[in-house]
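Next comes protein27.cif, a file with mmCIF, C-alpha atoms and all ligand atoms.
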```
data_run
#
loop_
_atom_site.label_atom_id
_atom_site.label_comp_id
_atom_site.auth_asym_id
_atom_site.auth_seq_id
_atom_site.Cartn_x
_atom_site.Cartn_y
_atom_site.Cartn_z
CA MET I 1 0.00 0.00 0.00
CA LYS I 2 1.36 3.44 -0.89
CA TYR I 3 1.21 5.96 1.95
CA TYR I 4 -1.36 8.11 0.08
CA GLU I 5 -3.75 5.25 -0.71
CA MET I 6 -5.32 5.48 2.75
CA HIS I 7 -7.41 8.45 1.56
CA ASP I 8 -9.93 6.09 -0.03
CA GLU I 9 -10.89 4.82 3.42
CA VAL I 10 -11.36 8.41 4.60
CA TYR I 11 -13.82 9.05 1.75
CA GLU I 12 -15.75 5.86 2.57
CA ASN I 13 -16.21 7.28 6.08
CA ILE I 14 -17.15 10.75 4.78
CA SER I 15 -19.77 9.21 2.52
CA ARG I 16 -21.11 6.97 5.31
CA ILE I 17 -21.95 10.03 7.43
CA GLY I 18 -23.67 11.73 4.48
CA LYS I 19 -21.13 14.48 3.77
CA VAL I 20 -20.11 15.53 0.26
CA SER I 21 -16.49 16.66 0.65
CA TRP I 22 -13.14 16.15 2.39
CA ASP I 23 -13.88 18.83 4.95
CA GLY I 24 -17.38 17.70 5.70
CA LEU I 25 -19.68 19.94 3.68
CA ASP I 26 -23.34 18.92 3.58
CA THR I 27 -24.37 19.84 0.04
CA ALA I 28 -22.77 20.13 -3.40
CA GLU I 29 -23.84 23.81 -3.60
CA GLU I 30 -21.56 24.62 -0.63
CA LEU I 31 -18.47 23.46 -2.52
CA PHE I 32 -18.22 26.76 -4.38
CA ASN I 33 -17.60 28.64 -1.13
CA HIS I 34 -14.69 26.46 -0.13
CA GLU I 35 -11.64 28.51 0.92
CA ILE I 36 -9.59 27.21 -2.04
CA ASN I 37 -12.23 28.47 -4.46
CA LEU I 38 -12.49 31.83 -2.68
CA ALA I 39 -8.69 32.16 -3.05
CA ILE I 40 -8.82 31.23 -6.76
CA ALA I 41 -11.68 33.70 -7.28
CA LYS I 42 -9.48 36.62 -6.16
CA ARG I 43 -7.07 36.28 -9.09
CA VAL I 44 -8.53 33.97 -11.71
CA ASP I 45 -9.90 36.82 -13.87
CA HIS I 46 -6.47 38.43 -13.88
CA TYR I 47 -4.81 35.29 -15.27
CA PHE I 48 -7.76 34.16 -17.40
CA PRO I 49 -9.94 37.06 -18.52
CA LYS I 50 -11.62 34.49 -20.84
CA LYS I 51 -12.19 30.96 -19.61
CA GLU I 52 -13.84 29.45 -22.69
CA ASN I 53 -11.63 26.81 -24.38
CA LYS I 54 -9.15 27.00 -21.50
CA LYS I 55 -8.20 23.64 -20.06
CA ALA I 56 -7.70 23.13 -16.34
CA ILE I 57 -6.66 20.10 -14.31
CA ASP I 58 -7.40 19.73 -10.60
CA PHE I 59 -4.73 17.67 -8.80
CA GLY I 60 -6.16 15.75 -5.84
CA CYS I 61 -9.70 16.75 -6.80
CA GLY I 62 -11.36 14.74 -4.04
CA THR I 63 -15.12 15.05 -4.47
CA GLY I 64 -14.77 17.80 -7.09
CA THR I 65 -14.58 20.87 -4.82
CA VAL I 66 -12.36 22.89 -7.17
CA THR I 67 -13.01 20.99 -10.43
CA LEU I 68 -16.70 21.87 -10.32
CA TYR I 69 -16.03 25.47 -9.33
CA LEU I 70 -13.73 25.88 -12.36
CA ALA I 71 -16.28 24.14 -14.60
CA ASN I 72 -18.89 26.62 -13.42
CA LEU I 73 -16.54 29.49 -14.38
CA GLY I 74 -16.35 28.08 -17.92
CA PHE I 75 -13.07 26.09 -17.93
CA GLU I 76 -12.88 22.65 -19.55
CA VAL I 77 -11.84 20.72 -16.46
CA LYS I 78 -10.49 17.32 -15.49
CA GLY I 79 -10.16 16.21 -11.88
CA PHE I 80 -7.77 13.44 -10.82
CA ASP I 81 -7.71 11.67 -7.49
CA ILE I 82 -6.21 8.42 -6.19
CA SER I 83 -9.44 7.52 -4.39
CA PRO I 84 -12.13 5.70 -6.42
CA LYS I 85 -14.66 6.57 -3.69
CA ALA I 86 -13.83 10.28 -3.99
CA ILE I 87 -14.32 10.08 -7.76
CA GLU I 88 -17.70 8.36 -7.30
CA MET I 89 -18.73 11.20 -4.95
CA ALA I 90 -17.34 13.82 -7.38
CA ASN I 91 -19.58 12.44 -10.10
CA GLU I 92 -22.57 12.64 -7.74
CA ASN I 93 -21.72 16.28 -6.97
CA LYS I 94 -21.37 16.95 -10.70
CA THR I 95 -24.86 15.56 -11.31
CA ALA I 96 -26.30 17.57 -8.42
CA LEU I 97 -24.78 20.78 -9.83
CA LYS I 98 -25.60 19.91 -13.48
CA LEU I 99 -22.06 20.71 -14.67
CA ASN I 100 -19.62 19.17 -17.14
CA ALA I 101 -16.27 17.86 -15.95
CA GLU I 102 -14.25 14.69 -16.35
CA PHE I 103 -13.16 12.80 -13.26
CA LYS I 104 -10.62 10.01 -13.17
CA ALA I 105 -9.35 7.78 -10.37
CA CYS I 106 -5.58 7.56 -10.80
CA ASP I 107 -2.27 7.97 -9.06
CA LEU I 108 -0.89 11.32 -10.20
CA THR I 109 2.66 10.18 -9.61
CA GLN I 110 2.16 7.65 -12.45
CA LEU I 111 0.93 10.15 -15.08
CA ASN I 112 2.90 11.83 -17.88
CA ASN I 113 2.58 14.75 -20.27
CA LEU I 114 -0.66 16.41 -19.22
CA GLU I 115 -1.90 19.31 -21.29
CA ALA I 116 -3.56 22.22 -19.57
CA ASP I 117 -3.57 26.01 -19.39
CA LEU I 118 -4.01 25.87 -15.63
CA THR I 119 -3.20 23.22 -13.05
CA VAL I 120 -4.46 23.44 -9.50
CA ASP I 121 -2.92 21.96 -6.40
CA SER I 122 -6.05 21.74 -4.32
CA SER I 123 -4.17 20.45 -1.25
CA LEU I 124 -2.56 17.46 -2.96
CA LEU I 125 1.09 18.48 -2.80
CA HIS I 126 1.38 18.23 0.98
CA CYS I 127 0.06 14.64 0.66
CA LEU I 128 3.14 13.81 -1.43
CA VAL I 129 5.92 13.20 1.05
CA GLU I 130 8.68 11.55 -0.97
CA SER I 131 10.97 13.78 -3.07
CA GLU I 132 10.48 11.73 -6.25
CA HIS I 133 6.69 12.11 -5.96
CA ARG I 134 6.96 15.85 -5.39
CA ARG I 135 9.30 16.22 -8.40
CA LYS I 136 6.70 14.37 -10.45
CA PHE I 137 4.05 16.82 -9.28
CA PHE I 138 6.07 19.76 -10.63
CA ASP I 139 6.75 17.88 -13.91
CA LEU I 140 3.00 17.56 -14.43
CA CYS I 141 2.22 21.22 -13.74
CA SER I 142 1.25 23.43 -16.65
CA ASP I 143 2.92 26.81 -17.25
CA LEU I 144 0.60 28.35 -14.66
CA THR I 145 -0.33 26.61 -11.40
CA PHE I 146 -2.38 27.61 -8.39
CA ILE I 147 -1.01 26.26 -5.11
CA HIS I 148 -2.85 25.65 -1.85
CA THR I 149 -0.55 23.83 0.54
CA MET I 150 0.32 23.40 4.21
CA ILE I 151 3.40 25.25 5.50
CA GLU I 152 5.12 24.84 8.85
CA SER I 153 4.20 27.40 11.46
CA GLU I 154 6.24 28.36 14.51
CA ASP I 155 3.76 26.57 16.71
CA MET I 156 2.68 23.16 15.47
CA SER I 157 1.18 22.12 18.80
CA GLU I 158 -2.42 22.13 17.63
CA MET I 159 -1.66 19.47 15.07
CA THR I 160 0.84 17.44 17.06
CA GLY I 161 -1.46 17.65 20.06
CA ARG I 162 -3.66 15.14 18.29
CA GLU I 163 -3.16 11.64 19.63
CA HIS I 164 -2.28 9.98 16.31
CA LEU I 165 0.14 12.60 14.89
CA THR I 166 3.74 13.70 15.41
CA PHE I 167 5.66 16.40 13.53
CA LYS I 168 9.36 15.79 12.97
CA ASP I 169 11.87 16.92 10.30
CA GLY I 170 9.21 18.51 8.07
CA ILE I 171 7.07 15.38 8.10
CA LEU I 172 3.75 14.90 9.80
CA TRP I 173 3.85 11.28 10.94
CA SER I 174 0.72 9.31 11.67
CA THR I 175 -0.22 6.11 13.38
CA GLY I 176 -2.73 3.86 11.59
CA PRO I 177 -4.39 0.48 11.83
CA ASP I 178 -2.09 -2.56 11.67
CA ARG I 179 -3.96 -3.86 8.62
CA TRP I 180 -2.47 -1.04 6.51
CA GLU I 181 0.65 -2.33 4.78
CA MET I 182 2.62 0.88 5.17
CA ASP I 183 6.30 1.65 5.19
CA TRP I 184 6.22 1.82 8.99
CA HIS I 185 8.91 3.69 10.98
CA ASN I 186 9.64 3.81 14.66
CA ILE I 187 9.14 7.44 15.69
CA ASP I 188 9.67 8.11 19.38
CA GLY I 189 8.66 4.53 20.16
CA ARG I 190 5.50 4.56 18.01
CA LYS I 191 4.79 2.76 14.74
CA MET I 192 4.11 5.57 12.25
CA PHE I 193 3.99 6.31 8.52
CA LYS I 194 4.79 9.49 6.59
CA HIS I 195 1.44 11.23 6.19
CA ARG I 196 2.16 14.80 5.06
CA ARG I 197 5.18 16.87 4.02
CA ILE I 198 4.91 20.25 5.72
CA SER I 199 7.80 22.39 4.49
CA SER I 200 8.99 25.68 5.92
CA GLU I 201 8.05 28.76 3.88
CA LYS I 202 11.68 29.18 2.79
CA GLY I 203 12.09 25.47 1.99
CA PHE I 204 8.94 25.44 -0.10
CA LEU I 205 9.92 28.53 -2.10
CA GLN I 206 13.33 26.95 -2.77
CA GLU I 207 11.66 23.73 -3.93
CA VAL I 208 9.45 25.67 -6.37
CA GLU I 209 12.52 27.45 -7.74
CA LYS I 210 14.57 24.24 -7.98
CA ASN I 211 11.80 22.64 -10.04
CA GLY I 212 11.96 25.39 -12.65
CA PHE I 213 9.15 27.69 -11.50
CA GLU I 214 8.98 31.28 -10.34
CA VAL I 215 6.52 32.45 -7.74
CA LEU I 216 4.27 35.12 -9.21
CA GLU I 217 2.49 35.89 -5.95
CA TYR I 218 1.72 34.25 -2.64
CA ASP I 219 0.18 34.76 0.75
CA LEU I 220 0.60 32.88 3.97
CA LYS I 221 -2.64 32.34 5.81
CA VAL I 222 -2.20 31.84 9.52
CA ASN I 223 -4.83 29.38 10.66
CA GLU I 224 -6.36 29.07 14.08
CA LYS I 225 -5.45 25.41 13.80
CA ASN I 226 -1.85 25.43 12.61
CA PRO I 227 0.00 24.79 10.23
CA CYS I 228 -0.24 27.82 7.92
CA THR I 229 -1.55 27.62 4.39
CA LEU I 230 0.43 28.97 1.47
CA ILE I 231 -1.82 30.21 -1.31
CA GLY I 232 -0.10 31.30 -4.49
CA TRP I 233 0.40 31.26 -8.23
CA ILE I 234 3.57 29.89 -9.83
CA LYS I 235 4.81 30.05 -13.41
CA ARG I 236 7.18 27.77 -15.30
CA LYS I 237 10.40 29.61 -16.16
CA LYS I 238 11.13 29.77 -19.90
C1 LIG R 301 -6.58 17.18 1.46
S1 LIG R 301 -7.46 16.24 0.23
C2 LIG R 301 -8.17 17.57 -0.71
C3 LIG R 301 -9.37 17.14 -1.55
C4 LIG R 301 -10.04 18.21 -2.39
N1 LIG R 301 -9.12 18.90 -3.27
C5 LIG R 301 -10.78 19.20 -1.55
O1 LIG R 301 -10.22 20.27 -1.27
O2 LIG R 301 -11.90 18.93 -1.13
C6 LIG R 301 -6.09 15.70 -0.80
C7 LIG R 301 -6.51 14.76 -1.92
O3 LIG R 301 -5.36 14.31 -2.63
C8 LIG R 301 -5.60 12.97 -3.03
N2 LIG R 301 -4.30 12.31 -3.33
C9 LIG R 301 -3.31 12.03 -2.47
N3 LIG R 301 -2.29 11.43 -3.09
C10 LIG R 301 -2.65 11.31 -4.40
C11 LIG R 301 -2.01 10.78 -5.56
N4 LIG R 301 -0.81 10.22 -5.50
N5 LIG R 301 -2.65 10.84 -6.75
C12 LIG R 301 -3.89 11.41 -6.83
N6 LIG R 301 -4.54 11.93 -5.76
C13 LIG R 301 -3.93 11.88 -4.56
C14 LIG R 301 -6.35 12.35 -1.85
O4 LIG R 301 -7.05 11.20 -2.19
C15 LIG R 301 -7.24 13.53 -1.43
O5 LIG R 301 -8.49 13.48 -2.06
#
```
Reformat the file's structure so that it appears as structure tokens.
Amino acid sequence: MKYYEMHDEVYENISRIGKVSWDGLDTAEELFNHEINLAIAKRVDHYFPKKENKKAIDFGCGTGTVTLYLANLGFEVKGFDISPKAIEMANENKTALKLNAEFKACDLTQLNNLEADLTVDSSLLHCLVESEHRRKFFDLCSDLTFIHTMIESEDMSEMTGREHLTFKDGILWSTGPDRWEMDWHNIDGRKMFKHRRISSEKGFLQEVEKNGFEVLEYDLKVNEKNPCTLIGWIKRKK
């Protein structure tokens, strides 16, 4: 089992309690007001005054939160997610909202040569912990990419205060059920797997640069529940 394949089980649980998205929204209509979409809304007209015939790809689309928002703006959109359950729910949300979009269950780290005018990291990148997977993410990005990702804050206690998590060396480690065949590590005497990469602001900006992109603009949002969120737009250097 790859460390990011556990998300499918999360979506099974989300669906069981009748919610329509990763962060527990009740109806498809509420997806449009998700904080990622509100952040995209601030600048999307600047980068795409016209959306018709523009192709967008949503990385880690989950139940279609961003894919369907972009479709509603007029983009031709595809959403990719590793979780078949999430894709099933995304298609249900698509039907509820009467929109067009193409959803596919796949492992992004196994894809090649995607064509798009805009790619969106709708909170996928911090799920990719290993360097080779993160390099692959940047390879797949189009010339313009919107980023929404977790960044280390000075105080990570809110997150590490949770029973099943520990933050060490830029990695959020998690415990999990024994039945998961993970690459388990002994972290402070507990059996844990690499769950999230949470880089420092400086480390993340260096990674973007190293992968051939320049940062056009970004903001750091300090959350009540840390870590911070980096919201920004990056462009492939010519
Ligand atoms: C934090 S969730 C965000 C979901 C959605 N974008 C939203 O905001 O509602 C991250 C998503 O990335 C997906 N994911 C993680 N690793 C992946 C991979 N290797 N390939 C495709 N999707 C992946 C997970 O299944 C999960 O749906």
Among listed residues I:Leu118, I:Val66, I:Ala56, I:Ile234, nearest Leu31 of chain I (using only C-alpha atoms) =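 Under the stated criterion, the closest residue is I:Val66.
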Fill in: Top pick for closest residue to ligand LIG 301 (chain R), considering I:Tyr47, I:Phe103, I:Tyr4, I:Phe138 and counting only C-alpha atoms and all ligand atoms
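Ranked by minimum distance to ligand LIG 301 (chain R), first place goes to I:Tyr4.
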Exercise. Which residues come within 12 Å of Glu30 of chain I, counting all atoms listed in the file, excluding same-chain residues fewer than 4 positions away, as an NGL selection string?
Worked result: :I and (19-21 or 23-26 or 34-35 or 37-38 or 64-66 or 68-69 or 93 or 96-97)
Exercise: Ile147 of chain I partners within 7 Å, all atoms listed in the file, chain neighbours under 4 positions left out, as a PDB file with C-alpha atoms, in the frame of the given file:
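selection.pdb, written as the output of this step:
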```
ATOM      1  CA  VAL I 120      -4.460  23.440  -9.500  1.00  0.00           C
ATOM      2  CA  ASP I 121      -2.920  21.960  -6.400  1.00  0.00           C
ATOM      3  CA  SER I 122      -6.050  21.740  -4.320  1.00  0.00           C
ATOM      4  CA  ILE I 231      -1.820  30.210  -1.310  1.00  0.00           C
ATOM      5  CA  GLY I 232      -0.100  31.300  -4.490  1.00  0.00           C
ATOM      6  CA  TRP I 233       0.400  31.260  -8.230  1.00  0.00           C
TER       7      TRP I 233
END
```
Restrict the calculation to all atoms listed in the file, then for each residue of chain I with any atom at most 6 Å from an atom of ligand LIG 301 (chain R) give the closest atom pair and their distance in Å to one decimal, rows by chain and rising residue number, as JSON lines.
```
{"residue": "I:Tyr4", "atom": "CA", "partner": "R:LIG301", "partner_atom": "N3", "distance": 4.7}
{"residue": "I:His7", "atom": "CA", "partner": "R:LIG301", "partner_atom": "O4", "distance": 4.7}
{"residue": "I:Ser21", "atom": "CA", "partner": "R:LIG301", "partner_atom": "O2", "distance": 5.4}
{"residue": "I:Trp22", "atom": "CA", "partner": "R:LIG301", "partner_atom": "O2", "distance": 4.7}
{"residue": "I:Gly60", "atom": "CA", "partner": "R:LIG301", "partner_atom": "O3", "distance": 3.6}
{"residue": "I:Cys61", "atom": "CA", "partner": "R:LIG301", "partner_atom": "N1", "distance": 4.2}
{"residue": "I:Gly62", "atom": "CA", "partner": "R:LIG301", "partner_atom": "O5", "distance": 3.7}
{"residue": "I:Thr65", "atom": "CA", "partner": "R:LIG301", "partner_atom": "O2", "distance": 5.0}
{"residue": "I:Phe80", "atom": "CA", "partner": "R:LIG301", "partner_atom": "C12", "distance": 5.9}
{"residue": "I:Asp81", "atom": "CA", "partner": "R:LIG301", "partner_atom": "N6", "distance": 3.6}
{"residue": "I:Ile82", "atom": "CA", "partner": "R:LIG301", "partner_atom": "C12", "distance": 3.8}
{"residue": "I:Ser83", "atom": "CA", "partner": "R:LIG301", "partner_atom": "O4", "distance": 4.9}
{"residue": "I:Cys106", "atom": "CA", "partner": "R:LIG301", "partner_atom": "C12", "distance": 5.8}
{"residue": "I:Asp107", "atom": "CA", "partner": "R:LIG301", "partner_atom": "N5", "distance": 3.7}
{"residue": "I:Leu108", "atom": "CA", "partner": "R:LIG301", "partner_atom": "N5", "distance": 3.9}
{"residue": "I:Thr109", "atom": "CA", "partner": "R:LIG301", "partner_atom": "N4", "distance": 5.4}
{"residue": "I:Ser122", "atom": "CA", "partner": "R:LIG301", "partner_atom": "N1", "distance": 4.3}
{"residue": "I:Ser123", "atom": "CA", "partner": "R:LIG301", "partner_atom": "C1", "distance": 4.9}
{"residue": "I:Leu124", "atom": "CA", "partner": "R:LIG301", "partner_atom": "O3", "distance": 4.2}
{"residue": "I:Cys127", "atom": "CA", "partner": "R:LIG301", "partner_atom": "C9", "distance": 5.3}
```
Atom CA of Met156 of chain I to atom CA of Ile17 of chain I measures 29.0 Å
Using Å and a single decimal, report how far atom CA of Met159 of chain I sits from atom CA of Leu205 of chain I.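 Straight-line distance from atom CA of Leu205 of chain I to atom CA of Met159 of chain I works out to 22.6 Å.
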First collect every listed atom of segment 7-21 of chain I; then fit an axis-aligned box around them, widen it by 3 Å on each side, and give centre and edge lengths in Å to one decimal, as AutoDock Vina command-line options.
```
--center_x -15.5 --center_y 10.7 --center_z 3.7 --size_x 22.3 --size_y 17.8 --size_z 13.5
```
Legend entry - Distance criterion (only C-alpha atoms): nearest to Thr119 of chain I out of I:Ala71, I:Ile57, I:Ile171, I:Ala101: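 Closest residue, counting only C-alpha atoms: I:Ile57.
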Surrounding residues of Ser131 of chain I excluding itself and chain neighbours under 2 positions, 12 Å, all atoms listed in the file, as a PyMOL selection string:
chain I and resi 109+125-129+133-138+171+197+199+207+211
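Checking I:Ala105, I:Leu99, I:Ala41, I:Cys141 one by one against Gly79 of chain I, counting all atoms listed in the file, you find the shortest gap at I:Ala105.
If you measure from each of I:Leu165, I:Ile40, I:Val208, I:Met1 to Ile187 of chain I using all atoms listed in the file, the closest one turns out to be I:Leu165.
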The residue from I:Ile87, I:Ile198, I:Ile151, I:Leu140 with the smallest atom-to-atom distance to Leu172 of chain I, counting only C-alpha atoms, is I:Ile198
| message | What's the separation between atom CA of Asp117 of chain I and atom CA of Lys55 of chain I, in Å to one decimal place? | response |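 So the answer is 5.2 Å.
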Item to complete: Name all residues at most 9 Å from Glu201 of chain I (count only C-alpha atoms; drop same-chain ones fewer than 3 positions away) and give them as an NGL selection string.
Response: :I and (151-153 or 204-206 or 220 or 230)
Deliver the residues from the most recent selection as a file, using C-alpha atoms, as a CSV table (one decimal), in the coordinates of the input.
```csv
chain,number,residue,atom,x,y,z
I,151,ILE,CA,3.4,25.2,5.5
I,152,GLU,CA,5.1,24.8,8.8
I,153,SER,CA,4.2,27.4,11.5
I,204,PHE,CA,8.9,25.4,-0.1
I,205,LEU,CA,9.9,28.5,-2.1
I,206,GLN,CA,13.3,27.0,-2.8
I,220,LEU,CA,0.6,32.9,4.0
I,230,LEU,CA,0.4,29.0,1.5
```
| So which residues are close to (1.7, 29.2, 10.4), meaning at most 9 Å away in the file's coordinates with only C-alpha atoms counted, and can you show them as a PyMOL selection string? | chain I and resi 150-156+220-229
